[in-house]
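Source file: entry_30.txt. Holds: compact mmCIF, N, CA and C atoms.
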```txt
# COMPACT_ATOMS: atom_id res chain seq x y z
N MET M 1 -18.03 2.75 -12.53
CA MET M 1 -17.54 2.43 -13.86
C MET M 1 -17.35 3.73 -14.63
N SER M 2 -16.28 3.81 -15.39
CA SER M 2 -16.02 5.02 -16.14
C SER M 2 -16.93 5.11 -17.36
N LYS M 3 -17.02 6.31 -17.91
CA LYS M 3 -17.91 6.57 -19.04
C LYS M 3 -17.12 7.10 -20.22
N LEU M 4 -17.68 6.89 -21.41
CA LEU M 4 -17.14 7.42 -22.65
C LEU M 4 -18.23 8.23 -23.34
N PHE M 5 -17.84 9.30 -24.04
CA PHE M 5 -18.80 10.00 -24.87
C PHE M 5 -18.50 9.58 -26.30
N VAL M 6 -19.45 8.90 -26.93
CA VAL M 6 -19.25 8.40 -28.28
C VAL M 6 -20.38 8.86 -29.18
N LYS M 7 -20.09 8.87 -30.48
CA LYS M 7 -21.12 9.14 -31.48
C LYS M 7 -20.82 8.30 -32.71
N PRO M 8 -21.82 8.06 -33.56
CA PRO M 8 -21.58 7.25 -34.75
C PRO M 8 -20.47 7.84 -35.61
N ALA M 9 -19.62 6.98 -36.16
CA ALA M 9 -18.49 7.44 -36.96
C ALA M 9 -18.96 7.99 -38.31
N VAL M 10 -20.07 7.46 -38.81
CA VAL M 10 -20.59 7.87 -40.11
C VAL M 10 -21.94 8.54 -39.89
N GLU M 11 -22.13 9.71 -40.48
CA GLU M 11 -23.40 10.42 -40.36
C GLU M 11 -24.54 9.55 -40.88
N GLY M 12 -25.58 9.39 -40.08
CA GLY M 12 -26.74 8.61 -40.49
C GLY M 12 -26.66 7.13 -40.14
N ALA M 13 -25.51 6.66 -39.64
CA ALA M 13 -25.38 5.25 -39.27
C ALA M 13 -26.18 4.99 -37.99
N MET M 14 -26.78 3.81 -37.93
CA MET M 14 -27.54 3.45 -36.74
C MET M 14 -26.73 2.44 -35.92
N VAL M 15 -26.35 2.85 -34.73
CA VAL M 15 -25.61 1.99 -33.82
C VAL M 15 -26.50 1.74 -32.61
N ARG M 16 -26.81 0.50 -32.36
CA ARG M 16 -27.70 0.13 -31.26
C ARG M 16 -26.96 0.14 -29.93
N GLN M 17 -27.68 0.49 -28.86
CA GLN M 17 -27.13 0.53 -27.52
C GLN M 17 -27.70 -0.65 -26.72
N PRO M 18 -26.93 -1.70 -26.52
CA PRO M 18 -27.46 -2.87 -25.84
C PRO M 18 -27.88 -2.61 -24.39
N ASP M 19 -27.26 -1.65 -23.75
CA ASP M 19 -27.61 -1.37 -22.36
C ASP M 19 -28.82 -0.45 -22.24
N ARG M 20 -29.37 -0.03 -23.38
CA ARG M 20 -30.55 0.85 -23.38
C ARG M 20 -31.63 0.27 -24.30
N ASP M 21 -31.91 -1.00 -24.12
CA ASP M 21 -32.97 -1.69 -24.87
C ASP M 21 -32.80 -1.57 -26.38
N MET M 22 -31.55 -1.56 -26.83
CA MET M 22 -31.21 -1.54 -28.26
C MET M 22 -31.69 -0.29 -28.99
N THR M 23 -31.90 0.80 -28.26
CA THR M 23 -32.27 2.05 -28.93
C THR M 23 -31.06 2.57 -29.69
N PRO M 24 -31.29 3.27 -30.80
CA PRO M 24 -30.16 3.78 -31.58
C PRO M 24 -29.40 4.88 -30.83
N LEU M 25 -28.10 4.90 -31.03
CA LEU M 25 -27.25 5.94 -30.47
C LEU M 25 -27.57 7.24 -31.20
N SER M 26 -27.72 8.32 -30.46
CA SER M 26 -28.02 9.62 -31.06
C SER M 26 -26.88 10.04 -31.98
N GLN M 27 -27.22 10.71 -33.07
CA GLN M 27 -26.21 11.22 -34.00
C GLN M 27 -25.33 12.27 -33.34
N ASP M 28 -25.86 12.91 -32.29
CA ASP M 28 -25.10 13.92 -31.56
C ASP M 28 -24.18 13.30 -30.52
N GLY M 29 -24.34 12.00 -30.28
CA GLY M 29 -23.50 11.30 -29.32
C GLY M 29 -24.21 11.09 -27.99
N ALA M 30 -23.60 10.25 -27.16
CA ALA M 30 -24.17 9.96 -25.84
C ALA M 30 -23.09 9.43 -24.93
N TRP M 31 -23.34 9.57 -23.62
CA TRP M 31 -22.47 8.98 -22.62
C TRP M 31 -22.82 7.51 -22.50
N VAL M 32 -21.82 6.66 -22.56
CA VAL M 32 -22.02 5.21 -22.43
C VAL M 32 -21.00 4.66 -21.44
N ALA M 33 -21.30 3.50 -20.89
CA ALA M 33 -20.37 2.85 -19.98
C ALA M 33 -19.13 2.39 -20.75
N ASP M 34 -17.98 2.51 -20.15
CA ASP M 34 -16.73 2.10 -20.77
C ASP M 34 -16.63 0.58 -20.67
N THR M 35 -17.23 -0.12 -21.65
CA THR M 35 -17.26 -1.58 -21.65
C THR M 35 -16.56 -2.13 -22.89
N MET M 36 -16.37 -3.43 -22.90
CA MET M 36 -15.75 -4.09 -24.06
C MET M 36 -16.59 -3.87 -25.32
N PHE M 37 -17.92 -3.83 -25.18
CA PHE M 37 -18.79 -3.61 -26.33
C PHE M 37 -18.43 -2.31 -27.03
N TRP M 38 -18.37 -1.23 -26.25
CA TRP M 38 -18.09 0.08 -26.86
C TRP M 38 -16.64 0.19 -27.33
N ARG M 39 -15.70 -0.42 -26.61
CA ARG M 39 -14.31 -0.42 -27.06
C ARG M 39 -14.19 -1.15 -28.41
N ARG M 40 -14.94 -2.25 -28.56
CA ARG M 40 -14.94 -2.99 -29.82
C ARG M 40 -15.56 -2.14 -30.94
N ARG M 41 -16.64 -1.42 -30.65
CA ARG M 41 -17.27 -0.56 -31.65
C ARG M 41 -16.29 0.53 -32.11
N ILE M 42 -15.48 1.03 -31.16
CA ILE M 42 -14.48 2.05 -31.52
C ILE M 42 -13.41 1.42 -32.40
N LEU M 43 -12.90 0.26 -32.03
CA LEU M 43 -11.86 -0.41 -32.81
C LEU M 43 -12.33 -0.77 -34.22
N LEU M 44 -13.61 -1.15 -34.34
CA LEU M 44 -14.16 -1.52 -35.65
C LEU M 44 -14.57 -0.31 -36.48
N GLY M 45 -14.54 0.88 -35.87
CA GLY M 45 -14.86 2.10 -36.60
C GLY M 45 -16.34 2.41 -36.68
N ASP M 46 -17.17 1.74 -35.87
CA ASP M 46 -18.61 2.02 -35.87
C ASP M 46 -18.91 3.33 -35.15
N VAL M 47 -18.16 3.61 -34.08
CA VAL M 47 -18.32 4.85 -33.32
C VAL M 47 -16.96 5.46 -33.09
N VAL M 48 -16.97 6.74 -32.74
CA VAL M 48 -15.73 7.44 -32.38
C VAL M 48 -15.94 8.12 -31.03
N GLU M 49 -14.84 8.21 -30.27
CA GLU M 49 -14.90 9.01 -29.05
C GLU M 49 -14.97 10.46 -29.49
N ALA M 50 -15.82 11.24 -28.84
CA ALA M 50 -16.02 12.63 -29.24
C ALA M 50 -16.00 13.53 -28.01
N GLU M 51 -15.88 14.81 -28.28
CA GLU M 51 -15.96 15.79 -27.21
C GLU M 51 -17.42 15.91 -26.80
N PRO M 52 -17.71 15.80 -25.51
CA PRO M 52 -19.10 15.97 -25.08
C PRO M 52 -19.55 17.41 -25.29
N PRO M 53 -20.84 17.61 -25.50
CA PRO M 53 -21.32 18.98 -25.68
C PRO M 53 -21.14 19.77 -24.39
N THR M 54 -21.14 21.07 -24.53
CA THR M 54 -21.02 21.91 -23.33
C THR M 54 -22.26 21.72 -22.48
N GLU M 55 -22.13 22.02 -21.23
CA GLU M 55 -23.21 21.74 -20.30
C GLU M 55 -24.52 22.41 -20.69
N GLY M 56 -24.47 23.61 -21.21
CA GLY M 56 -25.70 24.32 -21.60
C GLY M 56 -26.33 23.74 -22.86
N ALA M 57 -25.56 23.01 -23.66
CA ALA M 57 -26.07 22.49 -24.92
C ALA M 57 -26.71 21.11 -24.76
N ALA M 58 -26.59 20.52 -23.59
CA ALA M 58 -27.15 19.18 -23.40
C ALA M 58 -28.67 19.22 -23.51
N VAL M 59 -29.22 18.29 -24.26
CA VAL M 59 -30.65 18.23 -24.46
C VAL M 59 -31.12 16.83 -24.10
N GLU M 60 -32.18 16.74 -23.33
CA GLU M 60 -32.75 15.45 -22.98
C GLU M 60 -33.64 14.99 -24.12
N ILE M 61 -33.42 13.78 -24.59
CA ILE M 61 -34.20 13.23 -25.69
C ILE M 61 -35.19 12.23 -25.10
N THR M 62 -36.45 12.38 -25.48
CA THR M 62 -37.47 11.48 -24.96
C THR M 62 -37.50 10.20 -25.77
N ALA M 63 -38.15 9.19 -25.22
CA ALA M 63 -38.25 7.90 -25.90
C ALA M 63 -38.98 8.03 -27.22
N SER M 64 -40.03 8.84 -27.27
CA SER M 64 -40.79 8.98 -28.51
C SER M 64 -39.94 9.64 -29.60
N GLU M 65 -39.06 10.58 -29.24
CA GLU M 65 -38.17 11.18 -30.22
C GLU M 65 -37.16 10.16 -30.73
N THR M 66 -36.68 9.28 -29.85
CA THR M 66 -35.74 8.24 -30.24
C THR M 66 -36.40 7.27 -31.20
N ILE M 67 -37.62 6.86 -30.91
CA ILE M 67 -38.35 5.94 -31.79
C ILE M 67 -38.61 6.59 -33.13
N ALA M 68 -39.00 7.87 -33.12
CA ALA M 68 -39.26 8.58 -34.38
C ALA M 68 -37.99 8.66 -35.21
N ALA M 69 -36.85 8.93 -34.58
CA ALA M 69 -35.59 9.02 -35.31
C ALA M 69 -35.20 7.66 -35.89
N ALA M 70 -35.40 6.60 -35.13
CA ALA M 70 -35.06 5.26 -35.61
C ALA M 70 -35.95 4.87 -36.78
N THR M 71 -37.23 5.22 -36.70
CA THR M 71 -38.17 4.92 -37.78
C THR M 71 -37.76 5.69 -39.03
N GLU M 72 -37.41 6.96 -38.85
CA GLU M 72 -36.99 7.78 -39.99
C GLU M 72 -35.71 7.24 -40.62
N GLN M 73 -34.75 6.80 -39.79
CA GLN M 73 -33.51 6.25 -40.33
C GLN M 73 -33.79 4.97 -41.10
N GLY M 74 -34.71 4.16 -40.60
CA GLY M 74 -35.07 2.93 -41.30
C GLY M 74 -35.69 3.21 -42.65
N GLU M 75 -36.52 4.25 -42.72
CA GLU M 75 -37.14 4.62 -43.98
C GLU M 75 -36.11 5.19 -44.94
N GLN M 76 -35.16 5.95 -44.43
CA GLN M 76 -34.13 6.53 -45.29
C GLN M 76 -33.18 5.47 -45.82
N ALA M 77 -33.04 4.37 -45.09
CA ALA M 77 -32.12 3.32 -45.51
C ALA M 77 -32.66 2.56 -46.71
N GLY M 78 -33.83 2.94 -47.18
CA GLY M 78 -34.39 2.30 -48.37
C GLY M 78 -35.13 1.02 -48.02
N SER M 79 -36.19 1.17 -47.25
CA SER M 79 -36.96 0.00 -46.86
C SER M 79 -37.36 -0.77 -48.11
N LYS M 80 -36.96 -2.00 -48.15
CA LYS M 80 -37.27 -2.84 -49.30
C LYS M 80 -38.54 -3.61 -49.03
N GLU M 81 -39.25 -3.89 -50.10
CA GLU M 81 -40.46 -4.70 -49.95
C GLU M 81 -40.02 -6.13 -49.70
N LEU M 82 -40.70 -6.78 -48.80
CA LEU M 82 -40.35 -8.15 -48.46
C LEU M 82 -40.74 -9.09 -49.59
N PRO M 83 -39.98 -10.16 -49.80
CA PRO M 83 -40.36 -11.12 -50.82
C PRO M 83 -41.63 -11.85 -50.39
N PRO M 84 -42.36 -12.42 -51.34
CA PRO M 84 -43.58 -13.12 -50.96
C PRO M 84 -43.25 -14.30 -50.04
N ALA M 85 -44.17 -14.58 -49.15
CA ALA M 85 -43.98 -15.68 -48.21
C ALA M 85 -44.08 -17.01 -48.93
N ARG M 86 -43.29 -17.97 -48.48
CA ARG M 86 -43.38 -19.32 -49.05
C ARG M 86 -44.65 -19.99 -48.55
N PRO M 87 -45.28 -20.80 -49.38
CA PRO M 87 -46.49 -21.47 -48.90
C PRO M 87 -46.13 -22.50 -47.82
N VAL M 88 -47.02 -22.66 -46.90
CA VAL M 88 -46.81 -23.62 -45.81
C VAL M 88 -47.16 -25.00 -46.34
N PRO M 89 -46.27 -25.98 -46.18
CA PRO M 89 -46.58 -27.33 -46.68
C PRO M 89 -47.71 -27.96 -45.86
N PRO M 90 -48.47 -28.85 -46.46
CA PRO M 90 -49.54 -29.50 -45.70
C PRO M 90 -48.95 -30.39 -44.61
N PRO M 91 -49.72 -30.66 -43.57
CA PRO M 91 -49.21 -31.52 -42.50
C PRO M 91 -49.06 -32.95 -42.99
N PRO M 92 -48.21 -33.74 -42.40
CA PRO M 92 -48.05 -35.14 -42.83
C PRO M 92 -49.30 -35.94 -42.49
N PRO M 93 -49.52 -37.01 -43.24
CA PRO M 93 -50.72 -37.82 -42.94
C PRO M 93 -50.57 -38.49 -41.57
N PRO M 94 -51.70 -38.81 -40.95
CA PRO M 94 -51.63 -39.45 -39.64
C PRO M 94 -51.01 -40.84 -39.74
N ILE M 95 -50.37 -41.24 -38.70
CA ILE M 95 -49.74 -42.56 -38.67
C ILE M 95 -50.82 -43.59 -38.30
N SER M 96 -50.97 -44.61 -39.15
CA SER M 96 -51.98 -45.63 -38.84
C SER M 96 -51.29 -46.88 -38.31
N LYS M 97 -51.97 -47.61 -37.44
CA LYS M 97 -51.41 -48.83 -36.85
C LYS M 97 -51.95 -50.04 -37.51
```
Written as structure tokens, how would this file's structure read?
Amino acid sequence: MSKLFVKPAVEGAMVRQPDRDMTPLSQDGAWVADTMFWRRRILLGDVVEAEPPTEGAAVEITASETIAAATEQGEQAGSKELPPARPVPPPPPPISK
């Protein structure tokens, strides 16, 4: 299968990678499979095809760095406080015969 080098179209945007357990696409870009998912992301403007980095500039990103980046992006997006939970209604009365 052919590959595409893509990166988010907007700086700071989080684009999930379904073939990589929904981890966010690196802001520097990544090689992805040339699938309908990624073609659709390109058509919708979520990602752009980009020039891959030179061979010497390639850096391996660990899972912990990816999680840290995703957490940081979530915090930067303005994490809102959740509304209070609705009270749970009481169970219905037992059915008597």
Please measure the separation of atom CA of M:Asp21 and atom N of M:Ala33, giving the value in Å to one decimal.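 Pair atom CA of M:Asp21 / atom N of M:Ala33 returns 13.4 Å.
All residues of protein, DNA or RNA that reach within 8 Å of M:Glu51, judged by only N, CA and C atoms and not counting those fewer than 5 positions away in the chain, are Phe5, Val6 and Lys7 of chain M.
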Separation of atom CA of M:Pro24 from atom CA of M:Val48 in Å: 14.9 Å
In Å, how far is it from atom CA of M:Arg40 to atom CA of M:Gln27?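 These atoms are spaced 18.6 Å apart.
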Residues within 12 Å of M:Glu11, only C-alpha atoms, excluding chain neighbours under 5 positions, as an MDAnalysis selection string: chainID M and resid 25:29 46:48 73
